[in-house]
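Asks: The structure under discussion is supplied below as structure tokens; questions concerning it will follow.
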Amino acid sequence: MQRSVVVALPEGLHARPAAQFVAAAGRLPAKVTIAKSGGTPVATASILAIMTLGVGAGDEVVLATDDDGADAAASIDALEQFLQQTA
């Protein structure tokens, strides 16, 4: 399961938002990866990996998981909502 998301966070995934994103991902039932569109996926559990992506506001990312079912959908939904915050 995967989904493309446009990042609305004003700062993108830098420093504090990246730490909050990793913390949110750690509370989810499914393991999810994130990649810039067309890039190599990295684990959402690694703040260093997230920050090296250089995701900024307006960038498109792909959230993906190998899991199926409600847990996978709920995990991707939660991370999508995080990335679409505007304030």
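Each chain in the structure tokens gets a letter, A, B and so on, in the order shown; residues start at 1 in every chain, and ligands are counted from 1 in the order they appear.
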Tell me, as a ChimeraX atom specification, which residues lie within 7 Å of Leu83 in chain A, counting only C-alpha atoms; anything in the same chain fewer than 5 positions away does not count.

Replies: /A:7-9

Asks: Write out as a list in words the residues lying within 10 Å of range 46-50 of chain A, counting only C-alpha atoms and excluding same-chain residues fewer than 4 positions away.

Replies: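 The neighbour list is Leu13, His14, Ala15, Arg16, Pro17, Ala18, Ala19, Gln20, Phe21, Val22, Ala23, Ala25, Gly26, Thr33, Ile34, Ala35, Pro41, Val42, Gly54 and Val55 of chain A.
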
Asks: Restricting it to C-alpha atoms, dump the selection as a PDB file, in the first residue's frame.

Replies:
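Wrote it out as result_10.pdb, contents follow:
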ATOM      1  CA  LEU A  13      10.548  17.954   7.376  1.00  0.00           C
ATOM      2  CA  HIS A  14      13.440  19.803   8.993  1.00  0.00           C
ATOM      3  CA  ALA A  15      14.586  19.559  12.627  1.00  0.00           C
ATOM      4  CA  ARG A  16      11.559  19.849  14.929  1.00  0.00           C
ATOM      5  CA  PRO A  17       8.889  18.724  12.425  1.00  0.00           C
ATOM      6  CA  ALA A  18      11.082  15.740  11.483  1.00  0.00           C
ATOM      7  CA  ALA A  19      11.395  14.755  15.155  1.00  0.00           C
ATOM      8  CA  GLN A  20       7.630  15.050  15.618  1.00  0.00           C
ATOM      9  CA  PHE A  21       7.046  13.006  12.440  1.00  0.00           C
ATOM     10  CA  VAL A  22       9.355  10.213  13.672  1.00  0.00           C
ATOM     11  CA  ALA A  23       7.639  10.223  17.086  1.00  0.00           C
ATOM     12  CA  ALA A  25       5.395   7.160  13.171  1.00  0.00           C
ATOM     13  CA  GLY A  26       6.741   5.259  16.186  1.00  0.00           C
ATOM     14  CA  THR A  33       8.607   4.283   4.653  1.00  0.00           C
ATOM     15  CA  ILE A  34       8.820   7.734   3.091  1.00  0.00           C
ATOM     16  CA  ALA A  35      10.517   8.830  -0.117  1.00  0.00           C
ATOM     17  CA  PRO A  41      12.455   5.060   0.512  1.00  0.00           C
ATOM     18  CA  VAL A  42      13.720   5.475   4.075  1.00  0.00           C
ATOM     19  CA  GLY A  54      15.486  17.372   2.294  1.00  0.00           C
ATOM     20  CA  VAL A  55      11.693  17.494   2.112  1.00  0.00           C
TER      21      VAL A  55
END

Asks: Looking at only C-alpha atoms, which of A:Val62, A:Val6, A:Ala74, A:Leu79 is the one that sits closest to Lys36 in chain A?

Replies: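 Going through A:Val62, A:Val6, A:Ala74, A:Leu79 one by one, the smallest distance to Lys36 in chain A is for A:Val62.
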
Asks: Work out how far CA of Ser75 in chain A is from CA of Gly58 in chain A, in Å to one decimal.

Replies: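 Taking CA of Gly58 in chain A as the start and CA of Ser75 in chain A as the end point, the length is 21.5 Å.
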
Asks: Pick the closest to Ala70 in chain A from A:Thr86, A:Ala24, A:Gln2, A:Pro29: which is it, counting only C-alpha atoms?

Replies: A:Pro29
